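Enquirer: So here's work28.tsv, just TSV, C-alpha atoms and all ligand atoms:
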```tsv
chain	number	residue	atom	x	y	z
N	1	MET	CA	-51.83	10.78	7.49
N	2	ASN	CA	-48.97	12.34	5.59
N	3	SER	CA	-47.76	15.39	7.46
N	4	TYR	CA	-45.35	16.24	4.68
N	5	ASP	CA	-45.35	16.38	0.90
N	6	THR	CA	-41.72	15.29	0.95
N	7	ILE	CA	-39.33	13.97	3.56
N	8	ILE	CA	-35.69	14.41	2.64
N	9	ILE	CA	-33.30	12.07	4.42
N	10	GLY	CA	-29.85	13.70	4.57
N	11	GLY	CA	-29.20	17.42	5.01
N	12	GLY	CA	-25.97	17.92	3.07
N	13	ALA	CA	-25.66	19.99	-0.11
N	14	ALA	CA	-27.98	17.68	-2.07
N	15	GLY	CA	-30.73	17.48	0.57
N	16	LEU	CA	-30.73	21.17	1.52
N	17	SER	CA	-30.73	22.30	-2.08
N	18	ALA	CA	-33.78	20.11	-2.74
N	19	ALA	CA	-35.44	21.43	0.42
N	20	LEU	CA	-34.90	25.02	-0.70
N	21	VAL	CA	-36.59	24.38	-4.06
N	22	LEU	CA	-39.50	22.48	-2.50
N	23	SER	CA	-40.11	24.91	0.35
N	24	ARG	CA	-40.09	27.79	-2.15
N	25	ALA	CA	-42.64	25.77	-4.16
N	26	ARG	CA	-44.82	25.93	-1.04
N	27	ARG	CA	-44.53	22.20	-0.32
N	28	ARG	CA	-44.48	20.88	3.23
N	29	VAL	CA	-40.90	19.68	3.54
N	30	LEU	CA	-38.96	17.99	6.32
N	31	VAL	CA	-35.21	17.35	6.22
N	32	ILE	CA	-33.91	14.72	8.64
N	33	ASP	CA	-30.17	15.00	9.03
N	34	ALA	CA	-27.68	13.01	11.10
N	35	GLY	CA	-25.22	15.92	10.79
N	36	GLU	CA	-22.18	14.09	9.41
N	37	PRO	CA	-21.50	15.50	5.95
N	38	ARG	CA	-18.70	13.82	4.05
N	39	ASN	CA	-16.42	16.86	3.76
N	40	ALA	CA	-16.65	17.80	7.45
N	41	PRO	CA	-12.92	17.03	8.07
N	42	ALA	CA	-11.88	19.70	5.53
N	43	ALA	CA	-11.42	23.28	6.72
N	44	HIS	CA	-12.37	24.78	3.34
N	45	MET	CA	-14.53	23.84	0.38
N	46	HIS	CA	-13.29	24.59	-3.12
N	47	GLY	CA	-14.66	24.61	-6.63
N	48	PHE	CA	-18.16	25.91	-5.82
N	49	LEU	CA	-18.59	29.02	-7.92
N	50	SER	CA	-19.10	32.07	-5.67
N	51	ARG	CA	-18.44	29.96	-2.51
N	52	ASP	CA	-14.82	28.95	-3.17
N	53	GLY	CA	-12.90	28.61	0.11
N	54	MET	CA	-15.98	28.71	2.35
N	55	PRO	CA	-15.87	26.36	5.37
N	56	PRO	CA	-18.18	23.38	4.61
N	57	ALA	CA	-20.12	23.89	7.85
N	58	LEU	CA	-20.86	27.52	6.92
N	59	LEU	CA	-22.36	26.49	3.57
N	60	LEU	CA	-24.73	24.10	5.32
N	61	GLU	CA	-25.58	26.56	8.11
N	62	THR	CA	-26.43	29.18	5.46
N	63	GLY	CA	-28.48	26.62	3.54
N	64	ARG	CA	-30.44	25.56	6.61
N	65	ARG	CA	-31.30	29.20	7.35
N	66	GLU	CA	-32.51	29.71	3.79
N	67	VAL	CA	-34.71	26.58	3.90
N	68	GLU	CA	-36.22	27.53	7.26
N	69	GLY	CA	-36.86	31.05	5.95
N	70	TYR	CA	-39.35	29.54	3.50
N	71	GLY	CA	-41.02	27.32	6.09
N	72	GLY	CA	-39.06	24.12	5.46
N	73	GLU	CA	-38.45	22.05	8.60
N	74	ILE	CA	-35.06	20.61	9.51
N	75	ARG	CA	-34.50	18.09	12.26
N	76	ARG	CA	-31.29	16.61	13.58
N	77	GLY	CA	-31.80	12.83	13.72
N	78	VAL	CA	-31.27	9.49	12.07
N	79	ALA	CA	-33.80	7.77	9.82
N	80	LEU	CA	-33.70	4.07	10.66
N	81	GLU	CA	-36.31	2.62	8.34
N	82	VAL	CA	-38.59	3.61	5.51
N	83	VAL	CA	-41.72	1.70	4.59
N	84	ARG	CA	-44.21	2.07	1.78
N	85	CYS	CA	-47.79	2.79	2.95
N	86	GLY	CA	-49.98	1.55	0.10
N	87	ALA	CA	-50.45	4.09	-2.68
N	88	ASP	CA	-50.44	6.96	-0.21
N	89	GLY	CA	-46.78	7.42	0.42
N	90	PHE	CA	-44.13	6.46	2.89
N	91	GLN	CA	-43.49	6.27	6.57
N	92	VAL	CA	-40.08	7.12	8.02
N	93	LEU	CA	-39.05	5.67	11.37
N	94	LEU	CA	-36.67	7.87	13.31
N	95	GLU	CA	-34.15	6.80	15.93
N	96	GLY	CA	-36.14	7.28	19.13
N	97	GLY	CA	-39.26	5.66	17.68
N	98	GLU	CA	-41.15	8.54	16.07
N	99	ARG	CA	-42.85	7.78	12.72
N	100	LEU	CA	-43.53	10.45	10.12
N	101	GLY	CA	-45.50	10.23	6.90
N	102	ALA	CA	-44.82	11.81	3.50
N	103	ARG	CA	-46.18	11.56	-0.03
N	104	ARG	CA	-42.68	11.40	-1.52
N	105	LEU	CA	-39.16	10.61	-0.37
N	106	LEU	CA	-35.81	12.01	-1.39
N	107	VAL	CA	-32.77	10.16	-0.10
N	108	THR	CA	-29.55	12.20	0.02
N	109	THR	CA	-27.58	10.25	2.60
N	110	GLY	CA	-24.17	10.53	0.92
N	111	LEU	CA	-21.36	7.98	1.11
N	112	ARG	CA	-18.52	6.78	3.32
N	113	ASP	CA	-14.85	6.91	2.22
N	114	GLU	CA	-13.04	3.68	3.07
N	115	LEU	CA	-9.29	4.20	3.25
N	116	PRO	CA	-6.55	1.56	3.19
N	117	GLU	CA	-5.60	0.35	6.69
N	118	ILE	CA	-2.40	2.38	7.08
N	119	PRO	CA	-1.51	3.78	10.51
N	120	GLY	CA	-1.92	7.55	10.61
N	121	LEU	CA	-3.86	7.90	7.37
N	122	ARG	CA	-7.41	8.35	8.72
N	123	GLU	CA	-6.22	10.90	11.33
N	124	ARG	CA	-4.90	13.22	8.58
N	125	TRP	CA	-7.96	12.78	6.30
N	126	GLY	CA	-9.11	16.06	4.77
N	127	ARG	CA	-6.01	17.88	6.06
N	128	ASP	CA	-2.90	16.62	4.28
N	129	VAL	CA	-4.28	13.20	3.29
N	130	LEU	CA	-6.52	14.03	0.37
N	131	HIS	CA	-8.48	12.26	-2.33
N	132	CYS	CA	-9.79	14.90	-4.72
N	133	PRO	CA	-7.22	17.02	-6.58
N	134	TYR	CA	-10.02	19.21	-7.94
N	135	CYS	CA	-11.01	20.04	-4.34
N	136	HIS	CA	-7.55	20.52	-2.82
N	137	GLY	CA	-4.90	20.17	-5.55
N	138	TRP	CA	-4.44	23.93	-5.90
N	139	GLU	CA	-3.69	24.29	-2.18
N	140	VAL	CA	-0.79	21.78	-2.43
N	141	ARG	CA	0.44	22.75	-5.91
N	142	ASP	CA	4.17	22.33	-6.51
N	143	GLN	CA	4.59	20.52	-3.18
N	144	ARG	CA	6.11	17.05	-2.72
N	145	LEU	CA	3.06	14.82	-3.15
N	146	GLY	CA	2.69	11.12	-2.48
N	147	ILE	CA	0.15	8.81	-4.09
N	148	ILE	CA	-0.79	5.66	-2.21
N	149	TRP	CA	-1.83	2.73	-4.37
N	150	ASN	CA	-5.35	1.50	-3.60
N	151	GLY	CA	-6.38	-0.56	-6.58
N	152	PRO	CA	-5.66	-0.47	-10.32
N	153	GLN	CA	-7.36	2.92	-10.78
N	154	THR	CA	-4.54	4.54	-8.77
N	155	VAL	CA	-2.20	4.71	-11.77
N	156	GLY	CA	-4.52	6.91	-13.87
N	157	TYR	CA	-5.29	8.90	-10.71
N	158	ALA	CA	-1.55	9.57	-10.17
N	159	GLN	CA	-1.33	10.91	-13.72
N	160	VAL	CA	-4.16	13.34	-12.93
N	161	VAL	CA	-2.54	14.50	-9.67
N	162	ARG	CA	0.68	15.13	-11.65
N	163	GLN	CA	-1.19	18.13	-13.12
N	164	TRP	CA	-0.66	19.96	-9.81
N	165	SER	CA	2.97	19.18	-9.05
N	166	GLY	CA	6.19	18.10	-10.70
N	167	GLU	CA	7.29	16.30	-7.51
N	168	VAL	CA	5.03	13.27	-7.27
N	169	THR	CA	5.94	9.88	-5.81
N	170	MET	CA	3.76	6.85	-6.40
N	171	PHE	CA	3.86	4.18	-3.66
N	172	ALA	CA	2.76	0.77	-4.87
N	173	PRO	CA	3.39	-2.67	-3.34
N	174	LYS	CA	5.82	-4.92	-5.21
N	175	GLU	CA	4.43	-6.62	-8.33
N	176	THR	CA	1.31	-4.48	-8.64
N	177	LEU	CA	2.42	-2.20	-11.49
N	178	THR	CA	2.67	-3.47	-15.05
N	179	ASN	CA	5.68	-2.53	-17.17
N	180	ALA	CA	3.50	-0.22	-19.27
N	181	GLU	CA	2.17	1.58	-16.16
N	182	ARG	CA	5.67	2.02	-14.75
N	183	THR	CA	6.89	3.40	-18.09
N	184	GLN	CA	4.00	5.89	-18.24
N	185	LEU	CA	4.58	7.08	-14.66
N	186	LEU	CA	8.32	7.52	-15.14
N	187	ALA	CA	7.77	9.25	-18.50
N	188	ARG	CA	5.95	12.08	-16.75
N	189	GLY	CA	8.57	12.40	-14.02
N	190	ILE	CA	6.59	10.52	-11.35
N	191	THR	CA	8.96	8.70	-8.99
N	192	VAL	CA	7.93	5.11	-8.34
N	193	VAL	CA	8.56	3.42	-4.96
N	194	GLU	CA	7.60	-0.24	-5.18
N	195	GLU	CA	7.21	-1.07	-1.49
N	196	ALA	CA	4.14	-1.40	0.76
N	197	VAL	CA	3.43	1.70	2.84
N	198	ASP	CA	4.02	1.09	6.55
N	199	HIS	CA	2.80	4.33	8.09
N	200	VAL	CA	2.35	8.05	7.65
N	201	VAL	CA	5.02	10.20	9.30
N	202	VAL	CA	3.73	13.26	11.18
N	203	GLN	CA	5.75	15.96	12.93
N	204	ASP	CA	4.33	19.03	14.69
N	205	ASP	CA	0.87	18.19	13.43
N	206	ARG	CA	2.01	18.13	9.77
N	207	LEU	CA	2.50	15.21	7.45
N	208	THR	CA	6.18	15.06	6.58
N	209	GLY	CA	6.67	11.71	4.90
N	210	ILE	CA	5.66	8.19	4.05
N	211	ALA	CA	7.48	5.28	5.68
N	212	VAL	CA	7.62	2.11	3.60
N	213	ASP	CA	8.49	-1.50	4.48
N	214	GLY	CA	12.17	-1.71	5.28
N	215	GLY	CA	12.17	1.62	7.10
N	216	THR	CA	12.86	4.11	4.32
N	217	VAL	CA	11.00	7.41	4.74
N	218	VAL	CA	10.20	9.43	1.63
N	219	ALA	CA	9.56	13.13	2.29
N	220	CYS	CA	6.06	14.32	1.28
N	221	GLU	CA	3.99	17.35	2.24
N	222	ALA	CA	0.65	15.88	1.24
N	223	VAL	CA	-0.64	12.49	0.17
N	224	PHE	CA	-3.42	11.56	-2.23
N	225	VAL	CA	-5.23	8.26	-1.94
N	226	PRO	CA	-8.30	7.11	-3.88
N	227	PRO	CA	-10.76	5.75	-1.28
N	228	ARG	CA	-13.30	2.98	-1.80
N	229	PHE	CA	-16.70	4.70	-1.92
N	230	VAL	CA	-19.46	3.01	0.08
N	231	PRO	CA	-22.88	4.60	-0.48
N	232	HIS	CA	-25.28	4.94	2.45
N	233	VAL	CA	-28.02	2.86	0.83
N	234	ASP	CA	-29.29	0.64	3.67
N	235	LEU	CA	-32.66	2.41	3.85
N	236	LEU	CA	-33.09	2.08	0.09
N	237	LEU	CA	-32.09	-1.59	0.06
N	238	ARG	CA	-34.60	-2.45	2.78
N	239	LEU	CA	-37.27	-0.62	0.77
N	240	GLY	CA	-36.49	-2.91	-2.18
N	241	CYS	CA	-34.70	-0.38	-4.35
N	242	GLU	CA	-32.71	-1.88	-7.23
N	243	VAL	CA	-28.94	-1.55	-7.13
N	244	ASP	CA	-26.25	-2.60	-9.60
N	245	ASP	CA	-23.62	-5.32	-9.03
N	246	SER	CA	-21.40	-2.86	-7.17
N	247	GLY	CA	-24.17	-1.79	-4.79
N	248	TRP	CA	-24.98	1.57	-6.41
N	249	VAL	CA	-28.63	2.61	-6.78
N	250	ILE	CA	-29.86	2.31	-10.34
N	251	THR	CA	-31.27	5.70	-11.28
N	252	GLY	CA	-33.33	7.13	-14.10
N	253	GLU	CA	-33.93	10.78	-14.89
N	254	HIS	CA	-33.41	13.27	-12.04
N	255	GLY	CA	-32.60	10.58	-9.49
N	256	ALA	CA	-35.68	8.41	-10.01
N	257	THR	CA	-35.19	4.97	-8.40
N	258	SER	CA	-36.95	1.69	-9.16
N	259	ILE	CA	-39.50	2.57	-6.42
N	260	PRO	CA	-42.07	5.09	-7.64
N	261	GLY	CA	-42.10	8.16	-5.41
N	262	VAL	CA	-38.50	7.69	-4.20
N	263	ARG	CA	-35.64	9.71	-5.65
N	264	VAL	CA	-31.97	10.09	-4.78
N	265	ALA	CA	-29.43	12.89	-5.27
N	266	GLY	CA	-25.77	13.53	-4.51
N	267	ASN	CA	-23.10	11.10	-3.36
N	268	VAL	CA	-25.55	8.39	-2.30
N	269	ALA	CA	-25.92	7.53	-5.99
N	270	ASN	CA	-23.06	9.42	-7.63
N	271	ALA	CA	-19.60	9.07	-6.10
N	272	ARG	CA	-18.20	11.72	-8.44
N	273	ALA	CA	-20.60	14.44	-7.32
N	274	GLN	CA	-18.79	17.49	-5.96
N	275	VAL	CA	-20.66	19.83	-3.61
N	276	ILE	CA	-21.93	21.91	-6.52
N	277	THR	CA	-22.99	18.78	-8.43
N	278	ALA	CA	-24.76	17.33	-5.40
N	279	ALA	CA	-26.61	20.63	-4.90
N	280	GLY	CA	-27.57	20.65	-8.60
N	281	GLU	CA	-28.81	17.07	-8.48
N	282	GLY	CA	-30.86	17.89	-5.37
N	283	SER	CA	-32.44	20.84	-7.15
N	284	ALA	CA	-33.27	18.78	-10.27
N	285	ALA	CA	-34.73	15.94	-8.19
N	286	ALA	CA	-36.87	18.43	-6.25
N	287	ILE	CA	-38.31	19.93	-9.43
N	288	ALA	CA	-39.12	16.44	-10.77
N	289	LEU	CA	-40.68	15.53	-7.42
N	290	ASN	CA	-42.83	18.62	-7.42
N	291	ALA	CA	-44.03	17.83	-10.96
N	292	GLU	CA	-45.13	14.38	-9.73
N	293	LEU	CA	-46.94	15.95	-6.81
N	294	VAL	CA	-48.71	18.43	-9.10
N	295	ASP	CA	-49.87	15.52	-11.35
N	296	GLU	CA	-51.18	13.75	-8.26
N	297	ASP	CA	-52.90	16.94	-7.07
N	298	VAL	CA	-54.62	17.23	-10.47
N	299	ARG	CA	-55.81	13.59	-10.37
N	300	ASN	CA	-57.12	14.04	-6.83
N	301	ALA	CA	-58.86	17.31	-7.72
N	302	VAL	CA	-60.62	15.70	-10.72
N	303	ARG	CA	-61.70	12.74	-8.58
N	304	ASP	CA	-62.99	15.06	-5.84
N	305	ALA	CA	-64.80	17.24	-8.40
N	306	ARG	CA	-66.57	14.14	-9.74
N	307	HIS	CA	-67.75	13.38	-6.21
N	308	GLY	CA	-68.87	16.96	-5.65
N	309	VAL	CA	-66.08	17.85	-3.23
N	310	ARG	CA	-64.91	21.46	-3.62
N	311	ALA	CA	-61.16	22.17	-3.58
N	401	LIG	C1	-12.25	15.41	2.98
N	401	LIG	C2	-13.17	15.81	1.85
N	401	LIG	C3	-13.07	17.07	1.31
N	401	LIG	C4	-13.90	17.45	0.25
N	401	LIG	N1	-13.75	18.69	-0.28
N	401	LIG	C5	-14.56	19.08	-1.28
N	401	LIG	C6	-14.39	20.36	-1.87
N	401	LIG	O1	-13.51	21.13	-1.51
N	401	LIG	N2	-15.23	20.72	-2.89
N	401	LIG	C7	-16.20	19.87	-3.33
N	401	LIG	O2	-16.93	20.23	-4.24
N	401	LIG	N3	-16.37	18.63	-2.79
N	401	LIG	C8	-15.58	18.23	-1.78
N	401	LIG	N4	-15.74	16.99	-1.22
N	401	LIG	C9	-16.86	16.15	-1.68
N	401	LIG	C10	-18.14	16.56	-0.89
N	401	LIG	O3	-17.98	16.12	0.44
N	401	LIG	C11	-19.38	15.91	-1.52
N	401	LIG	O4	-19.47	16.32	-2.87
N	401	LIG	C12	-20.67	16.37	-0.80
N	401	LIG	O5	-20.56	16.19	0.59
N	401	LIG	C13	-21.86	15.57	-1.32
N	401	LIG	O6	-23.03	16.07	-0.72
N	401	LIG	P1	-24.25	15.08	-0.32
N	401	LIG	O7	-25.33	15.99	0.10
N	401	LIG	O8	-24.48	14.11	-1.40
N	401	LIG	O9	-23.70	14.23	0.92
N	401	LIG	P2	-23.20	14.70	2.36
N	401	LIG	O10	-22.65	16.07	2.32
N	401	LIG	O11	-22.28	13.62	2.86
N	401	LIG	O12	-24.53	14.73	3.24
N	401	LIG	C14	-25.22	13.56	3.59
N	401	LIG	C15	-25.92	13.82	4.92
N	401	LIG	O13	-26.84	12.74	5.16
N	401	LIG	C16	-26.76	12.40	6.53
N	401	LIG	N5	-27.27	11.02	6.71
N	401	LIG	C17	-26.74	9.85	6.29
N	401	LIG	N6	-27.52	8.82	6.65
N	401	LIG	C18	-28.58	9.36	7.30
N	401	LIG	C19	-29.74	8.80	7.94
N	401	LIG	N7	-29.99	7.48	7.93
N	401	LIG	N8	-30.63	9.64	8.53
N	401	LIG	C20	-30.43	10.99	8.53
N	401	LIG	N9	-29.34	11.55	7.95
N	401	LIG	C21	-28.44	10.75	7.35
N	401	LIG	C22	-25.28	12.54	6.86
N	401	LIG	O14	-25.05	12.62	8.26
N	401	LIG	C23	-24.96	13.84	6.11
N	401	LIG	O15	-25.20	14.98	6.91
N	401	LIG	C24	-14.88	16.55	-0.23
N	401	LIG	C25	-14.97	15.27	0.33
N	401	LIG	C26	-14.12	14.89	1.35
N	401	LIG	C27	-14.22	13.50	1.91
```
Could you rewrite the structure in this file as structure tokens?
Ligand SMILES: Cc1cc2nc3c(=O)[nH]c(=O)nc-3n(C[C@H](O)[C@H](O)[C@H](O)COP(=O)(O)OP(=O)(O)OC[C@H]3O[C@@H](n4cnc5c(N)ncnc54)[C@H](O)[C@@H]3O)c2cc1C
Expert:
Amino acid sequence: MNSYDTIIIGGGAAGLSAALVLSRARRRVLVIDAGEPRNAPAAHMHGFLSRDGMPPALLLETGRREVEGYGGEIRRGVALEVVRCGADGFQVLLEGGERLGARRLLVTTGLRDELPEIPGLRERWGRDVLHCPYCHGWEVRDQRLGIIWNGPQTVGYAQVVRQWSGEVTMFAPKETLTNAERTQLLARGITVVEEAVDHVVVQDDRLTGIAVDGGTVVACEAVFVPPRFVPHVDLLLRLGCEVDDSGWVITGEHGATSIPGVRVAGNVANARAQVITAAGEGSAAAIALNAELVDEDVRNAVRDARHGVRA
């Protein structure tokens, strides 16, 4: 028996936005959420029109209240496994052993940010160690900013961060930058320090500098580093969902996956999704999901009518 029309795994911006649309469409909806949204370390969320500067936890608390106001259910918990149950839908196994059935699944489990192994970096994450200049660049504008090299994409990233400050230092290990890259960085006034970063210097609970091999400390007030994005796709992989060579779910329109009846939204399939984008993707996926459910309801009604069953 399917207790729910849709189970949504992940109650961040993507999952709650989908739940709001589906509960307002009078669908039986359950959100299962482990309660660890990606932007939790940040005190404020930026770039969400009409919500700029709101604490991330307050956005989600408000969203949960709205969903529950329309009869949507939200549970704190971890989904461990998802299995297909014939043509009827899916079963979700929760930590603790409970199994719940649904006609459709929406997976909005987000991603994990993997940072370079540099002492002190993780502890300052979301405070003065940042990754997204669109989220936090304004707050550190005109400050002394460091950029820590973490793969070839870091050079273009440094050029973007330069938009927010004229005092940018790029830290890259020896022999990683090409001559052309160095020329481009210097041309825009970005200082280049070609040494491996040893650790982050913190005084009075504030980042004050970056120490490089050899002991030199370069003063910085904030540091940007592009993380490696690791999507939370284990449930989808075990279900047989197709992913690309880099491990990202292959999606069609409105988050459709290779498994009929399973959609995704937000960072789990789109590393670039901001909070507002994730919420928008959740909403679009929910509308597509509801359309599928309506088609199924029509087919079932016709079949029942043929067998003389009244709706
Ligand atoms: C430090 C930091 C600051 C940021 N600041 C901003 C900002 O200012 N503005 C902005 O637009 N964006 C910001 N972002 C990006 C923002 O975090 C993402 O855009 C947003 O969180 C994506 O929403 P989501 O719903 O896809 O994923 P998430 O918000 O990460 O939500 C996923 C949820 O799924 C849950 N989950 C995962 N696996 C399971 C499971 N198996 N069972 C049950 N639940 C599960 C997680 O615990 C989590 O609660 C920031 C990111 C970081 C890292």
Enquirer: Of the candidates N:Asp128, N:Glu221, N:Glu123, N:Glu66, which one gets nearest to N:Thr169 if we count all atoms listed in the file?
Expert: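 So, comparing all the options, the nearest one is N:Glu221.
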Enquirer: Taking all atoms listed in the file into account, which residues have an atom no farther than 6 Å from ligand LIG 401 (chain N)? I'd like them as a PDB file with C-alpha atoms, in the frame of the given file.
Expert:
```pdb
ATOM      1  CA  ILE N   9     -33.300  12.070   4.420  1.00  0.00           C
ATOM      2  CA  GLY N  10     -29.850  13.700   4.570  1.00  0.00           C
ATOM      3  CA  GLY N  11     -29.200  17.420   5.010  1.00  0.00           C
ATOM      4  CA  GLY N  12     -25.970  17.920   3.070  1.00  0.00           C
ATOM      5  CA  ALA N  13     -25.660  19.990  -0.110  1.00  0.00           C
ATOM      6  CA  ALA N  14     -27.980  17.680  -2.070  1.00  0.00           C
ATOM      7  CA  GLY N  15     -30.730  17.480   0.570  1.00  0.00           C
ATOM      8  CA  ILE N  32     -33.910  14.720   8.640  1.00  0.00           C
ATOM      9  CA  ASP N  33     -30.170  15.000   9.030  1.00  0.00           C
ATOM     10  CA  ALA N  34     -27.680  13.010  11.100  1.00  0.00           C
ATOM     11  CA  GLY N  35     -25.220  15.920  10.790  1.00  0.00           C
ATOM     12  CA  GLU N  36     -22.180  14.090   9.410  1.00  0.00           C
ATOM     13  CA  PRO N  37     -21.500  15.500   5.950  1.00  0.00           C
ATOM     14  CA  ARG N  38     -18.700  13.820   4.050  1.00  0.00           C
ATOM     15  CA  ASN N  39     -16.420  16.860   3.760  1.00  0.00           C
ATOM     16  CA  PRO N  41     -12.920  17.030   8.070  1.00  0.00           C
ATOM     17  CA  ALA N  42     -11.880  19.700   5.530  1.00  0.00           C
ATOM     18  CA  MET N  45     -14.530  23.840   0.380  1.00  0.00           C
ATOM     19  CA  HIS N  46     -13.290  24.590  -3.120  1.00  0.00           C
ATOM     20  CA  GLY N  47     -14.660  24.610  -6.630  1.00  0.00           C
ATOM     21  CA  GLY N  77     -31.800  12.830  13.720  1.00  0.00           C
ATOM     22  CA  VAL N  78     -31.270   9.490  12.070  1.00  0.00           C
ATOM     23  CA  ALA N  79     -33.800   7.770   9.820  1.00  0.00           C
ATOM     24  CA  LEU N  80     -33.700   4.070  10.660  1.00  0.00           C
ATOM     25  CA  THR N 108     -29.550  12.200   0.020  1.00  0.00           C
ATOM     26  CA  THR N 109     -27.580  10.250   2.600  1.00  0.00           C
ATOM     27  CA  GLY N 110     -24.170  10.530   0.920  1.00  0.00           C
ATOM     28  CA  LEU N 111     -21.360   7.980   1.110  1.00  0.00           C
ATOM     29  CA  GLY N 126      -9.110  16.060   4.770  1.00  0.00           C
ATOM     30  CA  CYS N 135     -11.010  20.040  -4.340  1.00  0.00           C
ATOM     31  CA  GLY N 266     -25.770  13.530  -4.510  1.00  0.00           C
ATOM     32  CA  ASN N 267     -23.100  11.100  -3.360  1.00  0.00           C
ATOM     33  CA  VAL N 268     -25.550   8.390  -2.300  1.00  0.00           C
ATOM     34  CA  ALA N 273     -20.600  14.440  -7.320  1.00  0.00           C
ATOM     35  CA  GLN N 274     -18.790  17.490  -5.960  1.00  0.00           C
ATOM     36  CA  VAL N 275     -20.660  19.830  -3.610  1.00  0.00           C
ATOM     37  CA  ILE N 276     -21.930  21.910  -6.520  1.00  0.00           C
ATOM     38  CA  ALA N 278     -24.760  17.330  -5.400  1.00  0.00           C
TER      39      ALA N 278
END
```
Enquirer: I'd like the interatomic distance between atom CA of N:Pro226 and atom CA of N:Ala211, to a tenth of an Å.
Expert: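 It comes out at 18.5 Å.
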Enquirer: Counting all atoms listed in the file, find the residues whose atoms lie at most 9 Å from (-10.0, 14.4, -11.7) (file coordinates) and write them out as a compact mmCIF listing (two decimals) with C-alpha atoms, keeping the file's coordinate frame.
Expert:
```
# COMPACT_ATOMS: atom_id res chain seq x y z
CA CYS N 132 -9.79 14.90 -4.72
CA PRO N 133 -7.22 17.02 -6.58
CA TYR N 134 -10.02 19.21 -7.94
CA TYR N 157 -5.29 8.90 -10.71
CA VAL N 160 -4.16 13.34 -12.93
CA VAL N 161 -2.54 14.50 -9.67
```
Enquirer: What lies within 12 Å of N:Val202 using all atoms listed in the file, ignoring chain neighbours under 6 positions off, as a list in words?
Expert: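 Result of the neighbour search: Pro119, Gly120, Leu121, Glu123, Arg124, Arg127, Asp128, Val129, Thr208, Gly209, Ile210, Ala211, Val217, Ala219, Cys220, Glu221, Ala222 and Val223 of chain N.
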Enquirer: Have a look at atom CA of N:Leu235 and atom CA of N:Ala57 and let me know their distance in Å, one decimal.
Expert: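 Between atom CA of N:Leu235 and atom CA of N:Ala57 the gap works out to 25.2 Å.
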Enquirer: Counting all atoms listed in the file, figure out which residue out of N:Leu16, N:Arg26, N:Pro56, N:Ile8 gets nearest to N:Asn290.
Expert: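 Among the listed residues, N:Arg26 lies closest to N:Asn290.
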Enquirer: Enter the distance from atom CA of N:Arg99 to atom CA of N:Ala286, in Å, rounded to one decimal.
Expert: 22.6 Å
Enquirer: So, with all atoms listed in the file as the atoms that count, which of N:Arg182, N:Arg188, N:His232, N:Arg206 lies closest to N:Gln163?
Expert: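 Comparing N:Arg182, N:Arg188, N:His232, N:Arg206 against N:Gln163, the winner is N:Arg188.
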Enquirer: Using N, CA and C atoms, give me stretch 293-304 of chain N from the structure I just pasted, as a short mmCIF file (atom, residue, chain, number, x, y, z; two decimals), in the first residue's frame.
Expert:
```
data_model
loop_
_atom_site.label_atom_id
_atom_site.label_comp_id
_atom_site.auth_asym_id
_atom_site.auth_seq_id
_atom_site.Cartn_x
_atom_site.Cartn_y
_atom_site.Cartn_z
N LEU N 293 0.99 12.10 -12.01
CA LEU N 293 0.01 11.47 -11.12
C LEU N 293 -1.41 11.64 -11.67
N VAL N 294 -1.68 12.83 -12.23
CA VAL N 294 -3.01 13.06 -12.81
C VAL N 294 -3.22 12.09 -13.98
N ASP N 295 -2.21 11.94 -14.86
CA ASP N 295 -2.34 10.98 -15.98
C ASP N 295 -2.65 9.58 -15.46
N GLU N 296 -1.93 9.21 -14.39
CA GLU N 296 -2.15 7.87 -13.82
C GLU N 296 -3.56 7.77 -13.22
N ASP N 297 -4.00 8.85 -12.58
CA ASP N 297 -5.36 8.85 -12.00
C ASP N 297 -6.41 8.67 -13.11
N VAL N 298 -6.16 9.32 -14.26
CA VAL N 298 -7.11 9.21 -15.39
C VAL N 298 -7.14 7.76 -15.89
N ARG N 299 -5.95 7.18 -16.09
CA ARG N 299 -5.88 5.78 -16.58
C ARG N 299 -6.60 4.85 -15.61
N ASN N 300 -6.36 5.04 -14.32
CA ASN N 300 -7.00 4.17 -13.32
C ASN N 300 -8.51 4.36 -13.30
N ALA N 301 -8.96 5.62 -13.47
CA ALA N 301 -10.40 5.89 -13.44
C ALA N 301 -11.08 5.23 -14.64
N VAL N 302 -10.43 5.30 -15.82
CA VAL N 302 -11.01 4.68 -17.03
C VAL N 302 -11.09 3.17 -16.83
N ARG N 303 -10.00 2.59 -16.32
CA ARG N 303 -9.98 1.14 -16.08
C ARG N 303 -11.09 0.76 -15.10
N ASP N 304 -11.23 1.51 -14.01
CA ASP N 304 -12.25 1.20 -13.01
C ASP N 304 -13.65 1.35 -13.60
#
```
